[in-house]
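Data block below; observations after.
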Amino acid sequence: MDEREVTRIIVHCSDSPYGDARLIDKWHRERGFSKIGYHAVILNGVRRARYNRQFDGRIELGRDIDEVGAHVAGHNSNSLGVCLIGKPGHFTRAQIFTLLSYLKTYLAVYGLTPKDVYGHYEFDSNKTCPGFDMDKLRTLLVHLAYFYDQAAILGGAGGVNSR
């Protein structure tokens with residue numbers, strides 16, 4: 001399969017207080033999708049009914065990143081979609097840390113910048129997801145990149161020694 005060109009990453013939320021990739025896959029299939037539309041799902045610790053700390057901030061894979069997603073009409077062919085489990089704006093600290101790590105990784109993989117990260121609401125005025133100010137998230141990503149660069153400098157040419 002040819003590698004597709006990814007030019008943006010779009011952040012979503014499930015608009016549900018619980019869930020995981022398997023449940024979203026079920027919901028999407030019920031809506032006529034071939035499978036889950038997102039490339040990744042970040043859990044809030046509540047998969048079905050009760051909170052379990054071991055699942056808070058865990059990332060589950062959805063569609064393969066080489067597959068076109070199904071998460072924003074008209075913008076799927078060149079984007080990755082990542083979904084936070086939760087109601088708009090109600091996410092755990094662990095979820096946000098995982099989201100930042102995911103975004104930093106895939107921005108580097110595709111040679112993108114924080115300006116290439118969007119919220120679903122920025123493409124559809126009828127949506128509020130993910131329910132937080134994307135400019136603040138983009139600013140966090142800029143600062144995160146700076147700190148990673150500084151850590152690499154401390155480690156020298158070989159990077160930071162993990163021992």
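Each chain of the structure tokens is named A, B, ... in the order shown, its residues numbered from 1; ligands are numbered from 1 in display order.
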
For A:Asn44: contacts at 9 Å, only C-alpha atoms, fewer than 2 positions along chain excluded, given as a PyMOL selection string: chain A and resi 17-20+42+46-47+51-53+55-58+84-86+91-92+94-95

Preceding selection exported with C-alpha atoms as an mmCIF file, in the first residue's frame:
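The resulting file, result-v3.cif, is reproduced below:
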data_model
loop_
_atom_site.group_PDB
_atom_site.id
_atom_site.type_symbol
_atom_site.label_atom_id
_atom_site.label_comp_id
_atom_site.auth_asym_id
_atom_site.auth_seq_id
_atom_site.Cartn_x
_atom_site.Cartn_y
_atom_site.Cartn_z
ATOM 1 C CA PRO A 17 -18.741 9.425 29.749
ATOM 2 C CA TYR A 18 -17.290 5.982 28.968
ATOM 3 C CA GLY A 19 -15.994 3.872 26.113
ATOM 4 C CA ASP A 20 -13.052 2.405 24.276
ATOM 5 C CA ILE A 42 -7.513 7.801 24.332
ATOM 6 C CA VAL A 46 -14.184 4.278 32.320
ATOM 7 C CA ARG A 47 -14.568 1.587 29.699
ATOM 8 C CA TYR A 51 -13.380 3.921 36.714
ATOM 9 C CA ASN A 52 -10.196 1.835 36.510
ATOM 10 C CA ARG A 53 -6.979 3.835 36.848
ATOM 11 C CA PHE A 55 -7.075 2.486 31.651
ATOM 12 C CA ASP A 56 -6.880 6.247 32.290
ATOM 13 C CA GLY A 57 -4.773 7.769 29.512
ATOM 14 C CA ARG A 58 -4.308 4.459 27.705
ATOM 15 C CA LEU A 84 -10.690 11.389 23.589
ATOM 16 C CA ILE A 85 -13.274 9.404 25.543
ATOM 17 C CA GLY A 86 -15.472 11.835 27.454
ATOM 18 C CA PHE A 91 -10.915 14.916 30.224
ATOM 19 C CA THR A 92 -8.414 13.582 32.709
ATOM 20 C CA ALA A 94 -3.639 11.410 31.924
ATOM 21 C CA GLN A 95 -5.671 11.762 28.725
#

Show which residues sit within 12 Å of A:Val109, as JSON, numbers by chain. Count only C-alpha atoms, and ignore same-chain residues fewer than 6 positions away. {"A": [5, 6, 7, 8, 9, 65, 80, 102, 103]}

Sel. of alpha helix (DSSP H) residues, stretch 20-135 of chain A, as number ranges by chain: A: 21-30, 93-110, 134-135

May I have the residues from that selection written out with C-alpha atoms, as a short mmCIF file (atom, residue, chain, number, x, y, z; two decimals), in the first residue's frame?
data_model
loop_
_atom_site.label_atom_id
_atom_site.label_comp_id
_atom_site.auth_asym_id
_atom_site.auth_seq_id
_atom_site.Cartn_x
_atom_site.Cartn_y
_atom_site.Cartn_z
CA ALA A 21 -12.02 1.67 20.69
CA ARG A 22 -14.10 -1.50 20.56
CA LEU A 23 -17.27 0.31 21.64
CA ILE A 24 -16.68 3.16 19.17
CA ASP A 25 -16.10 0.57 16.45
CA LYS A 26 -19.52 -0.90 17.32
CA TRP A 27 -21.17 2.55 17.24
CA HIS A 28 -19.57 3.40 13.90
CA ARG A 29 -20.56 0.07 12.33
CA GLU A 30 -24.14 0.68 13.50
CA ARG A 93 -4.87 14.82 33.11
CA ALA A 94 -3.64 11.41 31.92
CA GLN A 95 -5.67 11.76 28.72
CA ILE A 96 -4.20 15.18 27.97
CA PHE A 97 -0.64 13.94 28.60
CA THR A 98 -1.26 10.99 26.27
CA LEU A 99 -2.80 13.28 23.65
CA LEU A 100 0.23 15.58 23.75
CA SER A 101 2.58 12.61 23.37
CA TYR A 102 0.53 11.19 20.48
CA LEU A 103 0.45 14.55 18.72
CA LYS A 104 4.17 15.18 19.24
CA THR A 105 4.97 11.75 17.80
CA TYR A 106 2.82 12.06 14.69
CA LEU A 107 3.73 15.68 14.03
CA ALA A 108 7.33 14.46 13.83
CA VAL A 109 6.46 11.41 11.70
CA TYR A 110 4.68 13.54 9.10
CA MET A 134 -7.37 24.39 20.31
CA ASP A 135 -5.12 27.47 20.33
#

What's the separation between atom CA of A:Ser77 and atom CA of A:Ala145, in Å to one decimal place? 26.5 Å

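With only C-alpha atoms as the atoms that count, the residue of A:Pro130, A:Leu137, A:Arg48, A:Phe147 with the shortest distance to A:His90 is A:Pro130.
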
Within 10 Å of A:Tyr121, counting only C-alpha atoms, which residues show up once you throw out same-chain ones fewer than 3 positions away? Write them as number ranges by chain, please. A: 10-12, 72, 118, 124-132, 134

Next, the residues of the selection above should be written as a compact mmCIF listing (two decimals), in the first residue's frame with N, CA and C atoms.
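Generated file (part33.txt):
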# COMPACT_ATOMS: atom_id res chain seq x y z
N ILE A 10 -6.67 15.71 13.52
CA ILE A 10 -7.92 16.29 14.02
C ILE A 10 -8.31 15.59 15.32
N VAL A 11 -8.56 16.41 16.36
CA VAL A 11 -8.89 15.91 17.69
C VAL A 11 -10.40 15.92 17.87
N HIS A 12 -10.91 14.82 18.41
CA HIS A 12 -12.34 14.62 18.64
C HIS A 12 -12.58 14.21 20.08
N VAL A 72 -14.19 13.30 9.80
CA VAL A 72 -14.62 14.66 9.44
C VAL A 72 -14.95 14.65 7.95
N TYR A 118 -5.96 20.32 14.66
CA TYR A 118 -7.26 20.99 14.68
C TYR A 118 -8.23 20.25 15.59
N ASP A 124 -16.52 22.03 11.43
CA ASP A 124 -17.98 21.91 11.44
C ASP A 124 -18.52 22.77 12.57
N SER A 125 -19.16 23.86 12.23
CA SER A 125 -19.65 24.80 13.24
C SER A 125 -20.76 24.21 14.10
N ASN A 126 -21.32 23.07 13.70
CA ASN A 126 -22.33 22.40 14.51
C ASN A 126 -21.71 21.50 15.58
N LYS A 127 -20.40 21.39 15.58
CA LYS A 127 -19.69 20.53 16.55
C LYS A 127 -18.99 21.40 17.59
N THR A 128 -18.86 20.86 18.79
CA THR A 128 -18.09 21.53 19.84
C THR A 128 -16.86 20.72 20.22
N CYS A 129 -16.75 19.52 19.70
CA CYS A 129 -15.67 18.65 20.14
C CYS A 129 -14.34 19.10 19.55
N PRO A 130 -13.29 19.00 20.33
CA PRO A 130 -13.20 18.25 21.58
C PRO A 130 -13.63 19.02 22.83
N GLY A 131 -14.06 20.25 22.69
CA GLY A 131 -14.59 20.97 23.85
C GLY A 131 -13.56 21.79 24.61
N PHE A 132 -12.42 22.04 24.00
CA PHE A 132 -11.45 22.95 24.61
C PHE A 132 -10.83 23.81 23.51
N MET A 134 -8.46 25.02 21.05
CA MET A 134 -7.37 24.39 20.31
C MET A 134 -6.13 25.28 20.24

Chain A: which residues are strand (DSSP E) by DSSP, as a PyMOL selection string? chain A and resi 8-13+40-46+51-61+79-84+117-119

Distance criterion (only C-alpha atoms): nearest to A:Asn78 out of A:Asp15, A:Glu60, A:Glu122, A:Asp66: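 So, comparing all the options, the nearest one is A:Asp66.
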
Could you state the separation of atom CA of A:Tyr38 and atom CA of A:Ala73 in Å, given to one decimal place?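 Interatomic distance here is 12.5 Å.
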
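Ranking A:Ala49, A:Cys13, A:Leu140, A:Val68 by their shortest atom-to-atom distance to A:Val82, with only C-alpha atoms included, puts A:Cys13 first.
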
What gap, in Å, lies between atom CA of A:His120 and atom CA of A:Asp64?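 That distance, rounded to one decimal, is 19.8 Å.
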
With distances taken over only C-alpha atoms, which residue among A:Ser14, A:Cys83, A:His71, A:Leu112 lies nearest A:Ala40?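 Using only C-alpha atoms, the shortest distance to A:Ala40 belongs to A:Cys83.
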